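Structure, as structure tokens:
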Amino acid sequence: MYELLKTMTSLHGPCGYEQPVTRWVKDTVEELVDELYVDGLGNVIARKKGTAPGPKTIITAHMDEIGFIVKKIEGNGLIRFEKLGGHDDRILLAQKVQLRTKTGLLTGVIGTISAHFAKFDDAQKVRNHRQLYIDIGASSKEAAEQLGVEIGNPITWAPSMEFLGNEQTGRIVGKGFDDRAGCAVIIQTLKELQGTDFAGEVVAIFTVQEEVGLRGAQVAARNIDADVAIAIDTTAVSDTPEETMDQTLHLGGGTGVKVIDFSLIAHPVVKEKLLHLAKERNIQFQHEVFPGIGTDGGAVSLANKGIPTGVLSIPSRYAHSPVEVIDLGDLEATKELLKEFILSLKEDSSFSFI
């Protein structure tokens, strides 16, 4: 899935401005499914029918990535911005970004003071993002406007994806793994379901605006009378040396089978089925108990009369930064467990709570 993910992370699609990703996903998935449409919010909904009667299963991942939006163009051509999604102000300085205009993409940097001025500054100070600016090389407001900059232009981290260390590590670094990695898992799963026998119907939902409140999933899931759902997202590992880390989630430890987060208590029957399949098929996994995160699974579980929902999580270091790191083995394990879950379903599969 390396090449698939590299293509997807190169696409420019922050919250609310996912159009390039939506178009690419639509064009890529259309030939793999029986029916596909894009709803009014921009969610891509794709239906694939099985070869026998069985449950209707939602599989979902979000297309949006965190980003920024142009708020103001200063007289000297520097750009003020607002956030789209959750950022840590401590890592914004001196990062490369990409700004999307009607005429094309622009490279910029979030400015910072020269190291030569540091002795005149407060070394402990973390400047709020509203005090920061983006430099796109324009010398004036008029020059920035001539480059196509307007209030409301969306901005992402500059795209980059490569192996961390080298190919031998099996680990990759880049922006937008949250959650283009989940989208890649679903697309690869749909590819591998081609020519197989499975029961029921799979409804793949590629959602928008997850990072600003699970908005796309709330809309999409209301229109699908599903029996069970699996959301795919990344999750923050806790295996680095910082004092706040509890060493419960590890990069390279396998797919995370969600137990609980702040948006969802995983349905016990769905969770136990995922755990059983992982053990039976020898798929590497780890339990995920992490209240510091939420996923589209939380929104999907509350749709209609309630949908039994589980989540598979791709472990990630440095989440919501331009240098997210994931392990390709974890990515593969997530895809394998999702596929095995779908293939295991039968006409009489039940996810009754009692």
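Each chain in the structure tokens gets a letter, A, B, ..., in the order shown, and its residues are numbered from 1; ligands are numbered from 1 in order too.
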
Using only C-alpha atoms, tabulate the residues of range 37-110 of chain A lying at most 9 Å from any atom of range 283-301 of chain A, each with its closest atom pair and that distance in Å to one decimal, by chain and increasing residue number, as a Markdown table.
```
| residue | atom | partner | partner_atom | distance |
| --- | --- | --- | --- | --- |
| A:Ile58 | CA | A:Val300 | CA | 8.8 |
| A:Thr60 | CA | A:Asp296 | CA | 7.5 |
| A:Ala61 | CA | A:Asp296 | CA | 7.2 |
| A:His62 | CA | A:Asp296 | CA | 7.5 |
```

Query - Close residues, range 323-334 of chain A itself excluded, 8 Å, only C-alpha atoms, min 3 positions apart in chain, as a ChimeraX atom specification - result: /A:1-2,164,170-177,181,185,251-256,283-285,312-320,337-338

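The closest residue to Ser160 in chain A, picked from A:Leu147, A:Leu11, A:Ile342, A:Ala94 and counting only C-alpha atoms, is A:Leu11.
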
Query raised in the report: Just asking: which residues within range 72-277 of chain A are strand (DSSP E) according to DSSP, as a PyMOL selection string?
Result: chain A and resi 72-73+79-84+96-101+104-110+134-135+154-157+161-163+171-174+199-207+228-236+255-260

Query raised in the report: Contacts of Ile265 in chain A at 10 Å or less, counting only C-alpha atoms, minus same-chain residues fewer than 2 places along, as a ChimeraX atom specification?
Result: /A:258-263,267-268,271,289,291,297-298,301,309-311

Deliver the residues from the most recent selection as a file, using C-alpha atoms, as a PDB file, in the first residue's frame.
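This went into out_6.pdb:
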```
ATOM      1  CA  LYS A 258     -10.490  -0.222  19.969  1.00  0.00           C
ATOM      2  CA  VAL A 259     -11.832  -0.789  23.460  1.00  0.00           C
ATOM      3  CA  ILE A 260     -12.738   2.797  24.352  1.00  0.00           C
ATOM      4  CA  ASP A 261     -12.059   6.409  23.425  1.00  0.00           C
ATOM      5  CA  PHE A 262     -13.886   9.651  24.168  1.00  0.00           C
ATOM      6  CA  SER A 263     -16.327   9.183  21.265  1.00  0.00           C
ATOM      7  CA  HIS A 267     -19.613  -2.616  20.913  1.00  0.00           C
ATOM      8  CA  PRO A 268     -18.534  -5.691  22.908  1.00  0.00           C
ATOM      9  CA  LYS A 271     -14.813  -6.012  19.522  1.00  0.00           C
ATOM     10  CA  VAL A 289      -7.746   2.075  25.559  1.00  0.00           C
ATOM     11  CA  PRO A 291      -9.624   8.461  25.952  1.00  0.00           C
ATOM     12  CA  GLY A 297     -16.938   5.329  14.758  1.00  0.00           C
ATOM     13  CA  GLY A 298     -18.464   7.443  17.509  1.00  0.00           C
ATOM     14  CA  SER A 301     -22.610   4.191  16.307  1.00  0.00           C
ATOM     15  CA  THR A 309     -19.567  -0.361  15.896  1.00  0.00           C
ATOM     16  CA  GLY A 310     -15.922  -1.286  16.292  1.00  0.00           C
ATOM     17  CA  VAL A 311     -12.741   0.526  15.317  1.00  0.00           C
TER      18      VAL A 311
END
```

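Interatomic distance, CA of Cys183 in chain A against CA of Lys6 in chain A: 11.9 Å.
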
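Counting only C-alpha atoms, the residue from A:Arg100, A:Lys119, A:Lys125, A:Lys48 that sits nearest to Gly148 in chain A is A:Arg100.
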
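For the residues A:Gln19, A:Thr156, A:Thr196, A:Thr7, ranking by smallest atom-to-atom distance to Val97 in chain A using only C-alpha atoms places A:Thr156 first.
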
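Between Ser139 in chain A and the candidates A:Glu74, A:Glu162, A:Glu30, A:Asp227, the tightest atom-to-atom separation, counting only C-alpha atoms, involves A:Glu74.
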
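For the pair CA of Val38 in chain A and CA of Gly86 in chain A, the separation is 26.0 Å.
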
Query raised in the report: DSSP on the backbone: what in range 2-80 of chain A comes out helix (DSSP H, G or I), as a list in words?
Result: Tyr2, Glu3, Leu4, Leu5, Lys6, Thr7, Met8, Thr9, Gln19, Pro20, Val21, Thr22, Arg23, Trp24, Val25, Lys26, Asp27, Thr28, Val29, Glu30, Glu31 and Leu32 of chain A

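Distances to Glu347 in chain A were evaluated for A:Ile66, A:Ile59, A:Ala199, A:Ile224 using only C-alpha atoms, and the minimum falls at A:Ala199.
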
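The nearest approach to Ile307 in chain A among the residues A:Ser321, A:Thr235, A:Ser352, A:Asn128, with only C-alpha atoms taken into account, belongs to A:Ser352.
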
Query - Distance of CA of Leu84 in chain A from CA of Lys71 in chain A, expressed in Å to one decimal place - result: 11.6 Å

Compile a residue-level contact table for range 90-171 of chain A against range 78-82 of chain A at a cut-off of 9 Å, reporting for every qualifying residue the shortest atom pair and its distance in Å to one decimal, with only C-alpha atoms counted, rows ordered by chain and ascending number, as a tab-separated table.
```
residue	atom	partner	partner_atom	distance
A:His129	CA	A:Glu82	CA	7.4
A:Arg130	CA	A:Phe81	CA	6.8
A:Gln131	CA	A:Arg80	CA	8.0
A:Leu132	CA	A:Arg80	CA	6.7
A:Tyr133	CA	A:Arg80	CA	4.8
A:Ile134	CA	A:Ile79	CA	4.9
A:Asp135	CA	A:Leu78	CA	5.2
A:Ile136	CA	A:Leu78	CA	7.1
A:Gly137	CA	A:Leu78	CA	8.2
A:Ala138	CA	A:Leu78	CA	7.2
A:Ser139	CA	A:Leu78	CA	7.9
A:Ser140	CA	A:Leu78	CA	7.7
A:Lys141	CA	A:Leu78	CA	7.6
A:Ala144	CA	A:Leu78	CA	8.1
A:Ile155	CA	A:Phe81	CA	8.9
```

Report task. Mind checking which residues fall within 12 Å of Gln194 in chain A, counting only C-alpha atoms, ignoring those fewer than 6 positions away in the same chain, and posting them as a ChimeraX atom specification? Result -> /A:29,31-34,48-51,187-188,339,343

Store the residues picked out above in a file with N, CA and C atoms, as a CSV table (one decimal), in the first residue's frame.
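Saved file again.csv follows:
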```
chain,number,residue,atom,x,y,z
A,29,VAL,N,-12.4,4.3,-6.8
A,29,VAL,CA,-13.2,3.3,-6.2
A,29,VAL,C,-14.3,2.9,-7.1
A,31,GLU,N,-14.7,1.7,-10.0
A,31,GLU,CA,-14.6,0.5,-10.7
A,31,GLU,C,-14.6,-0.8,-9.8
A,32,LEU,N,-14.5,-0.5,-8.5
A,32,LEU,CA,-14.4,-1.6,-7.6
A,32,LEU,C,-15.7,-2.0,-6.9
A,33,VAL,N,-16.8,-1.2,-7.2
A,33,VAL,CA,-18.0,-1.3,-6.4
A,33,VAL,C,-19.2,-1.4,-7.4
A,34,ASP,N,-20.4,-1.7,-6.9
A,34,ASP,CA,-21.6,-1.8,-7.7
A,34,ASP,C,-22.3,-0.4,-7.8
A,48,LYS,N,-20.9,-2.3,-2.3
A,48,LYS,CA,-20.4,-3.5,-3.0
A,48,LYS,C,-21.3,-4.7,-2.4
A,49,LYS,N,-21.9,-5.3,-3.3
A,49,LYS,CA,-22.8,-6.4,-2.9
A,49,LYS,C,-22.1,-7.8,-2.9
A,50,GLY,N,-22.4,-8.6,-1.9
A,50,GLY,CA,-21.8,-9.9,-1.7
A,50,GLY,C,-22.5,-10.9,-2.6
A,51,THR,N,-22.1,-12.1,-2.5
A,51,THR,CA,-22.6,-13.2,-3.3
A,51,THR,C,-23.7,-14.0,-2.6
A,187,ILE,N,-9.6,1.1,0.5
A,187,ILE,CA,-9.5,0.9,-0.9
A,187,ILE,C,-8.8,-0.4,-1.2
A,188,GLN,N,-7.7,-0.7,-0.5
A,188,GLN,CA,-7.0,-2.0,-0.7
A,188,GLN,C,-7.9,-3.2,-0.4
A,339,LYS,N,-10.5,-7.1,6.3
A,339,LYS,CA,-10.9,-8.1,5.2
A,339,LYS,C,-11.5,-9.4,5.8
A,343,LEU,N,-15.2,-11.1,5.4
A,343,LEU,CA,-15.3,-12.5,4.9
A,343,LEU,C,-15.9,-13.5,5.9
```
